[in-house]
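Peer 1: Could you have a look at this structure, given as structure tokens, before my questions?
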Amino acid sequence: MRIARTLLAAPVFLACMAPAWGAAPALPALPLWEAGVFGGTAVTPAYPGASERSTRTLALPFLIYRGDVLRADRSGVGARLLNTDRLDGDIGFALSLPARSSDVPARRGMPDLGTLVEFGPRLKIKLAEPTPQGRLSLELPLRAVIEARGGLRRQGATFEPRLIYRLNDAGQAWHVDASLGAVLGNASINDYFYGVAPAFATDQRPAYAAKSGLMLTRLGLGGAYLLHPDWRAFAFLRYDNYTGSANRASPLLRQNSGTSAGIGLLWTWRRSSLPARGTDE
């Protein structure tokens, strides 16, 4: 899930190399808005728990806006409803790309997995600031999942609590994110990925009705590095574990774990001359 969001807003593994690259050009302050072009490639499982992998390459325009209420940044897209020293609440959005069942032997003959749009409230709690540039926080997003394939259909809901440690240099030239979390789904979204209706059952793929509960646990590492005031490199590495999944018995959950990785460039074409009030992307 969330392949597109990972590509479009993922933090970058290359930032871990920033100290070895020497001093990078830094912006004096984050601008209120930026617009440009994003390009990147990611390799991920075809769906959570699939044996097959998909390589996704995207080149898309982007808009970053750091308003007091409306926000579109590397954390997501949404409306900030609460902002205090310790708490930050917003309504966010995410997007996942489709997967064709004909490309996945375990799902052959079943309906394709469509593009998924997720939205809902998210609470961010600042737990500690061990250094002036480091922050440990807890994010609690609860999202409805809508499938866009031949119309719009609600496919359930997810809850994705995660601990995040973010490290930025003083000039915002680079940042590193490390995260530990879990994805839980209700019966509907788990059945979307792991359920097998009797009409699609075979000798190798028995009928299965999925239940609500844990989908996966996740470790992530990423970051970004400013190569030039208008060019930023990014990458990410992610490890998902399915051994504790509530639907481990599903014939469609074929792996105990899966990894994802991606790399890309972001070019800023125009930016605001006005600075954003906050720098907590």
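Ligands are numbered from 1 in the order shown, chains are lettered A, B, ... in the order of the structure tokens, and residues start at 1 in each chain.
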Any idea what's packed within 7 Å of segment 188-198 of chain A, counting only C-alpha atoms, ignoring anything in its chain fewer than 6 positions away? Could you give it as a ChimeraX atom specification?
Peer 2: /A:155-157,207-212,250,252-253
Peer 1: Based on the selection just made, write all heavy atoms of those residues as a PDB file, in the first residue's frame.
Peer 2:
```
ATOM      1  N   GLN A 155     -13.564   0.726   0.477  1.00  0.00           N
ATOM      2  CA  GLN A 155     -12.990  -0.601   0.698  1.00  0.00           C
ATOM      3  C   GLN A 155     -12.520  -0.815   2.126  1.00  0.00           C
ATOM      4  O   GLN A 155     -11.780  -1.761   2.383  1.00  0.00           O
ATOM      5  CB  GLN A 155     -11.826  -0.828  -0.275  1.00  0.00           C
ATOM      6  CG  GLN A 155     -12.219  -0.858  -1.739  1.00  0.00           C
ATOM      7  CD  GLN A 155     -13.078  -2.053  -2.105  1.00  0.00           C
ATOM      8  OE1 GLN A 155     -13.375  -2.905  -1.277  1.00  0.00           O
ATOM      9  NE2 GLN A 155     -13.491  -2.121  -3.354  1.00  0.00           N
ATOM     10  N   GLY A 156     -12.939   0.043   3.049  1.00  0.00           N
ATOM     11  CA  GLY A 156     -12.583  -0.200   4.441  1.00  0.00           C
ATOM     12  C   GLY A 156     -11.851   0.962   5.072  1.00  0.00           C
ATOM     13  O   GLY A 156     -11.980   2.117   4.640  1.00  0.00           O
ATOM     14  N   ALA A 157     -11.059   0.659   6.092  1.00  0.00           N
ATOM     15  CA  ALA A 157     -10.342   1.685   6.846  1.00  0.00           C
ATOM     16  C   ALA A 157      -9.059   1.095   7.415  1.00  0.00           C
ATOM     17  O   ALA A 157      -8.974  -0.111   7.671  1.00  0.00           O
ATOM     18  CB  ALA A 157     -11.223   2.230   7.975  1.00  0.00           C
ATOM     19  N   ALA A 207     -11.180 -20.918  -0.810  1.00  0.00           N
ATOM     20  CA  ALA A 207     -11.956 -19.759  -0.377  1.00  0.00           C
ATOM     21  C   ALA A 207     -11.485 -19.318   1.001  1.00  0.00           C
ATOM     22  O   ALA A 207     -11.140 -20.142   1.856  1.00  0.00           O
ATOM     23  CB  ALA A 207     -13.444 -20.099  -0.353  1.00  0.00           C
ATOM     24  N   TYR A 208     -11.473 -18.007   1.203  1.00  0.00           N
ATOM     25  CA  TYR A 208     -10.995 -17.466   2.485  1.00  0.00           C
ATOM     26  C   TYR A 208     -11.705 -16.141   2.747  1.00  0.00           C
ATOM     27  O   TYR A 208     -11.771 -15.272   1.877  1.00  0.00           O
ATOM     28  CB  TYR A 208      -9.485 -17.241   2.444  1.00  0.00           C
ATOM     29  CG  TYR A 208      -8.918 -16.721   3.746  1.00  0.00           C
ATOM     30  CD1 TYR A 208      -8.628 -17.579   4.794  1.00  0.00           C
ATOM     31  CD2 TYR A 208      -8.704 -15.364   3.929  1.00  0.00           C
ATOM     32  CE1 TYR A 208      -8.122 -17.106   5.996  1.00  0.00           C
ATOM     33  CE2 TYR A 208      -8.189 -14.875   5.129  1.00  0.00           C
ATOM     34  CZ  TYR A 208      -7.906 -15.747   6.156  1.00  0.00           C
ATOM     35  OH  TYR A 208      -7.403 -15.271   7.343  1.00  0.00           O
ATOM     36  N   ALA A 209     -12.235 -15.988   3.958  1.00  0.00           N
ATOM     37  CA  ALA A 209     -12.862 -14.743   4.403  1.00  0.00           C
ATOM     38  C   ALA A 209     -11.928 -14.065   5.401  1.00  0.00           C
ATOM     39  O   ALA A 209     -11.662 -14.616   6.474  1.00  0.00           O
ATOM     40  CB  ALA A 209     -14.214 -15.022   5.036  1.00  0.00           C
ATOM     41  N   ALA A 210     -11.427 -12.921   5.040  1.00  0.00           N
ATOM     42  CA  ALA A 210     -10.457 -12.226   5.895  1.00  0.00           C
ATOM     43  C   ALA A 210     -11.154 -11.589   7.095  1.00  0.00           C
ATOM     44  O   ALA A 210     -12.359 -11.306   7.071  1.00  0.00           O
ATOM     45  CB  ALA A 210      -9.724 -11.165   5.087  1.00  0.00           C
ATOM     46  N   LYS A 211     -10.376 -11.371   8.140  1.00  0.00           N
ATOM     47  CA  LYS A 211     -10.889 -10.743   9.353  1.00  0.00           C
ATOM     48  C   LYS A 211     -10.092  -9.481   9.654  1.00  0.00           C
ATOM     49  O   LYS A 211      -9.013  -9.253   9.104  1.00  0.00           O
ATOM     50  CB  LYS A 211     -10.799 -11.716  10.528  1.00  0.00           C
ATOM     51  CG  LYS A 211      -9.404 -12.249  10.774  1.00  0.00           C
ATOM     52  CD  LYS A 211      -9.416 -13.335  11.842  1.00  0.00           C
ATOM     53  CE  LYS A 211      -8.016 -13.932  12.033  1.00  0.00           C
ATOM     54  NZ  LYS A 211      -8.020 -15.013  13.037  1.00  0.00           N
ATOM     55  N   SER A 212     -10.614  -8.663  10.528  1.00  0.00           N
ATOM     56  CA  SER A 212      -9.931  -7.420  10.906  1.00  0.00           C
ATOM     57  C   SER A 212      -8.718  -7.731  11.773  1.00  0.00           C
ATOM     58  O   SER A 212      -8.624  -8.794  12.395  1.00  0.00           O
ATOM     59  CB  SER A 212     -10.896  -6.508  11.660  1.00  0.00           C
ATOM     60  OG  SER A 212     -11.326  -7.122  12.868  1.00  0.00           O
ATOM     61  N   SER A 250      -4.339 -16.739   4.852  1.00  0.00           N
ATOM     62  CA  SER A 250      -4.872 -16.477   3.519  1.00  0.00           C
ATOM     63  C   SER A 250      -3.950 -17.050   2.443  1.00  0.00           C
ATOM     64  O   SER A 250      -2.723 -16.901   2.527  1.00  0.00           O
ATOM     65  CB  SER A 250      -5.036 -14.971   3.291  1.00  0.00           C
ATOM     66  OG  SER A 250      -5.285 -14.690   1.928  1.00  0.00           O
ATOM     67  N   LEU A 252      -3.462 -15.813  -0.297  1.00  0.00           N
ATOM     68  CA  LEU A 252      -2.911 -14.673  -1.034  1.00  0.00           C
ATOM     69  C   LEU A 252      -1.766 -13.998  -0.284  1.00  0.00           C
ATOM     70  O   LEU A 252      -1.076 -13.157  -0.860  1.00  0.00           O
ATOM     71  CB  LEU A 252      -4.009 -13.632  -1.301  1.00  0.00           C
ATOM     72  CG  LEU A 252      -5.212 -14.138  -2.102  1.00  0.00           C
ATOM     73  CD1 LEU A 252      -6.226 -13.020  -2.296  1.00  0.00           C
ATOM     74  CD2 LEU A 252      -4.773 -14.701  -3.443  1.00  0.00           C
ATOM     75  N   LEU A 253      -1.558 -14.363   0.977  1.00  0.00           N
ATOM     76  CA  LEU A 253      -0.448 -13.813   1.754  1.00  0.00           C
ATOM     77  C   LEU A 253       0.701 -14.814   1.641  1.00  0.00           C
ATOM     78  O   LEU A 253       0.742 -15.799   2.365  1.00  0.00           O
ATOM     79  CB  LEU A 253      -0.861 -13.581   3.207  1.00  0.00           C
ATOM     80  CG  LEU A 253      -0.183 -12.409   3.923  1.00  0.00           C
ATOM     81  CD1 LEU A 253      -0.844 -12.140   5.262  1.00  0.00           C
ATOM     82  CD2 LEU A 253       1.291 -12.621   4.101  1.00  0.00           C
TER      83      LEU A 253
END
```
Peer 1: Write out as a tab-separated table a residue-level contact list of segment 107-224 of chain A versus segment 230-236 of chain A with cut-off 12 Å: for each qualifying residue the closest pair of atoms and the distance in Å to one decimal, counting only C-alpha atoms, rows sorted by chain and residue number upward.
Peer 2:
```
residue	atom	partner	partner_atom	distance
A:Gln172	CA	A:Arg232	CA	11.1
A:Ala173	CA	A:Arg232	CA	8.8
A:Trp174	CA	A:Arg232	CA	8.9
A:His175	CA	A:Phe234	CA	9.7
A:Val176	CA	A:Phe236	CA	9.8
A:Asp177	CA	A:Phe236	CA	9.2
A:Ala178	CA	A:Phe236	CA	9.9
A:Ser179	CA	A:Phe236	CA	11.3
A:Leu219	CA	A:Phe236	CA	10.9
A:Gly220	CA	A:Phe236	CA	7.5
A:Leu221	CA	A:Phe236	CA	5.8
A:Gly222	CA	A:Phe236	CA	4.2
A:Gly223	CA	A:Phe234	CA	6.0
A:Ala224	CA	A:Phe234	CA	4.4
```
Peer 1: Residues of the last selection are to be written out with N, CA, C and O atoms, as a compact mmCIF listing (two decimals), in the first residue's frame.
Peer 2:
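again.txt was written with the following content:
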```
# COMPACT_ATOMS: atom_id res chain seq x y z
N GLN A 172 18.28 23.14 6.83
CA GLN A 172 17.31 22.36 6.06
C GLN A 172 17.91 21.79 4.77
O GLN A 172 17.20 21.49 3.82
N ALA A 173 19.24 21.63 4.72
CA ALA A 173 19.87 21.07 3.53
C ALA A 173 19.66 19.56 3.44
O ALA A 173 19.65 19.00 2.35
N TRP A 174 19.50 18.89 4.57
CA TRP A 174 19.26 17.46 4.55
C TRP A 174 18.41 17.06 5.75
O TRP A 174 18.33 17.79 6.74
N HIS A 175 17.74 15.95 5.62
CA HIS A 175 17.02 15.38 6.74
C HIS A 175 17.03 13.86 6.64
O HIS A 175 17.18 13.30 5.55
N VAL A 176 16.91 13.21 7.78
CA VAL A 176 16.84 11.76 7.87
C VAL A 176 15.64 11.40 8.73
O VAL A 176 15.40 12.03 9.77
N ASP A 177 14.88 10.40 8.31
CA ASP A 177 13.75 9.89 9.08
C ASP A 177 13.95 8.40 9.33
O ASP A 177 14.32 7.66 8.41
N ALA A 178 13.70 7.96 10.56
CA ALA A 178 13.66 6.54 10.89
C ALA A 178 12.31 6.29 11.57
O ALA A 178 11.89 7.08 12.43
N SER A 179 11.63 5.21 11.19
CA SER A 179 10.30 4.98 11.73
C SER A 179 10.08 3.51 12.06
O SER A 179 10.68 2.62 11.47
N LEU A 219 9.44 -1.19 9.41
CA LEU A 219 10.61 -0.39 9.71
C LEU A 219 10.94 0.44 8.48
O LEU A 219 10.94 -0.08 7.35
N GLY A 220 11.24 1.71 8.66
CA GLY A 220 11.55 2.57 7.53
C GLY A 220 12.74 3.46 7.80
O GLY A 220 13.01 3.84 8.94
N LEU A 221 13.48 3.77 6.75
CA LEU A 221 14.62 4.68 6.81
C LEU A 221 14.65 5.49 5.53
O LEU A 221 14.48 4.94 4.44
N GLY A 222 14.85 6.78 5.65
CA GLY A 222 14.91 7.60 4.45
C GLY A 222 15.37 9.00 4.77
O GLY A 222 15.68 9.34 5.90
N GLY A 223 15.42 9.82 3.75
CA GLY A 223 15.84 11.19 3.92
C GLY A 223 15.98 11.90 2.60
O GLY A 223 15.64 11.36 1.55
N ALA A 224 16.47 13.12 2.63
CA ALA A 224 16.65 13.93 1.44
C ALA A 224 17.90 14.76 1.60
O ALA A 224 18.30 15.09 2.72
```
Peer 1: What parts of segment 6-207 of chain A does DSSP call strand (DSSP E)? I'd like the answer as JSON, numbers by chain.
Peer 2: {"A": [33, 34, 35, 36, 37, 38, 39, 40, 41, 42, 43, 44, 45, 53, 54, 55, 56, 57, 58, 59, 60, 61, 62, 63, 64, 65, 66, 70, 71, 72, 73, 76, 77, 78, 79, 80, 81, 82, 83, 87, 88, 89, 90, 91, 92, 93, 94, 95, 96, 115, 116, 117, 118, 119, 120, 121, 122, 123, 124, 125, 126, 127, 128, 129, 130, 131, 134, 135, 136, 137, 138, 139, 140, 141, 142, 143, 144, 145, 146, 147, 148, 152, 153, 154, 155, 156, 157, 158, 159, 162, 163, 164, 165, 166, 167, 168, 174, 175, 176, 177, 178, 179, 180, 181, 182, 183, 184, 185]}
Peer 1: Have a look at atom CA of Gly258 of chain A and atom CA of Asn241 of chain A and let me know their distance in Å, one decimal.
Peer 2: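 Atom CA of Asn241 of chain A lies 6.6 Å from atom CA of Gly258 of chain A.
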Peer 1: What is the distance, in Å and to one decimal place, between atom CA of Leu140 of chain A and atom CA of Leu184 of chain A?
Peer 2: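 Separating atom CA of Leu140 of chain A from atom CA of Leu184 of chain A is a distance of 11.5 Å.
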Peer 1: List every residue of segment 83-207 of chain A that DSSP, applied to the backbone of this structure, places in helix (DSSP H, G or I), and write the result as number ranges by chain.
Peer 2: A: 101-103, 105-107, 187-194, 198-200
Peer 1: Find the nearest atom pair between each residue of segment 179-201 of chain A and segment 126-139 of chain A for residues within 12 Å, count only C-alpha atoms, give distances in Å to one decimal, sort rows by chain and ascending number, and present the table as JSON lines.
Peer 2:
```
{"residue": "A:Ser179", "atom": "CA", "partner": "A:Ser137", "partner_atom": "CA", "distance": 9.6}
{"residue": "A:Leu180", "atom": "CA", "partner": "A:Leu138", "partner_atom": "CA", "distance": 9.8}
{"residue": "A:Gly181", "atom": "CA", "partner": "A:Glu139", "partner_atom": "CA", "distance": 9.2}
{"residue": "A:Ala182", "atom": "CA", "partner": "A:Glu139", "partner_atom": "CA", "distance": 11.0}
```
Peer 1: Which residue is closest to Ala29 of chain A? Choose from A:Val183, A:Ala261, A:Ala170, A:Met215 and count only C-alpha atoms.
Peer 2: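 For Ala29 of chain A, the nearest of the given residues is A:Ala170.
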Peer 1: List as a VMD selection string the protein and nucleic acid residues near Phe62 of chain A, meaning an atom at most 6 Å away when only C-alpha atoms are counted, but skip any in the same chain fewer than 5 places from it.
Peer 2: chain A and resid 35 to 37
Peer 1: Any idea what's packed within 7 Å of segment 111-121 of chain A, counting only C-alpha atoms, ignoring anything in its chain fewer than 4 positions away? Could you give it as a PyMOL selection string?
Peer 2: chain A and resi 90-101+141-149
Peer 1: Atom CA of Thr41 of chain A and atom CA of Ala59 of chain A, how far apart in Å?
Peer 2: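 Computed distance, atom CA of Ala59 of chain A to atom CA of Thr41 of chain A, equals 9.1 Å.
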